[in-house]
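Undergrad: Before we start, here is the structure in question, set down as structure tokens.
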Amino acid sequence: MNGEMADDIEETVKILSETHDKAENACLIVDSIHERIASYDRKRGTGIELLDLKNYLLVDYIYHLSKILLEKVEGNSIEDNQSIPELVKNRVVLEKIKPIERRLKYHIDKLIKTSSLGVLERDDPLQYRPNPGSLRPKNNAVESGDDDEERGGTGSKKREGVYVPPKLAPMHYDEGVKNSEERDLERRRKRALSSTII
């Protein structure tokens, strides 16, 4: 029996020393993470600040949400919890960011494409402007045919597969006074007949 107790005591001491070593390692890791967070400068100047703000708000939202869930799990009341106004504030700001983010979607996609390809310079502002060359038609023959028709020519090239609306010549519409008087008379007759039938 004494031998078994000695074995149990040695095993317990061994487990406690391992636990102590692992706790020290965990403290070192937490301290290094804490130093990183303390030295993190949100105004680094790289990237889009809107996305940095969104990330910060999402982390803060999750933090306060987890605090409320912890209170609920422990069975405490969340009526006067300080996290609820923070949750509401973060939610409102996140909802207000959505339209701005939609407006910046083209710019964000362009930056992501640039960073993935690595070909274009990041600081060149001309890389982010619209390309007016993409507005021109791909086929120059079709464009020259349009110019020829606009000038009054017959158009030497016949375009296939492209709908060309017919050109209509304007006509003068001459409705005489007689026609309008006849219509008024016809309306009066119909009205008189319908009233006599009733």
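Residue numbers start at 1 in each chain; chains themselves are named A, B, ... in the order of the structure tokens; ligands are numbered from 1 in the order shown.
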So that I can check the surroundings of stretch 91-95 of chain A, please list as a PDB file with C-alpha atoms, in the first residue's frame every protein, DNA and RNA residue that reaches within 10 Å of it, counting only C-alpha atoms and ignoring chain neighbours fewer than 3 positions away.

TA:
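So the final result, stored in out-v7.pdb, reads:
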ATOM      1  CA  LEU A  53     -12.652  49.905 -39.277  1.00  0.00           C
ATOM      2  CA  LYS A  54     -15.003  47.116 -40.307  1.00  0.00           C
ATOM      3  CA  ASN A  55     -12.637  44.458 -38.957  1.00  0.00           C
ATOM      4  CA  LEU A  57     -16.026  46.728 -35.329  1.00  0.00           C
ATOM      5  CA  LEU A  58     -16.658  43.053 -36.055  1.00  0.00           C
ATOM      6  CA  TYR A  61     -19.146  43.166 -31.769  1.00  0.00           C
ATOM      7  CA  PRO A  85     -25.306  49.708 -25.901  1.00  0.00           C
ATOM      8  CA  GLU A  86     -21.946  48.789 -27.431  1.00  0.00           C
ATOM      9  CA  LEU A  87     -23.614  46.050 -29.481  1.00  0.00           C
ATOM     10  CA  VAL A  88     -26.243  48.471 -30.722  1.00  0.00           C
ATOM     11  CA  LYS A  98     -22.619  48.844 -46.149  1.00  0.00           C
ATOM     12  CA  PRO A  99     -23.561  51.538 -48.740  1.00  0.00           C
ATOM     13  CA  ILE A 100     -20.067  53.015 -48.585  1.00  0.00           C
TER      14      ILE A 100
END

Undergrad: What is the atom CA of A:Ile112-atom CA of A:Ile48 distance in Å, reported with one decimal?

TA: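 Going from atom CA of A:Ile112 over to atom CA of A:Ile48, I get 11.2 Å.
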
Undergrad: Could you check which of A:Ser32, A:Gln82, A:Asn25, A:Asn90 is closest to A:Tyr56, using only C-alpha atoms?

TA: A:Asn90

Undergrad: So how many Å separate atom CA of A:His34 and atom CA of A:Leu69, to one decimal?

TA: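 Separation between atom CA of A:His34 and atom CA of A:Leu69: 24.1 Å.
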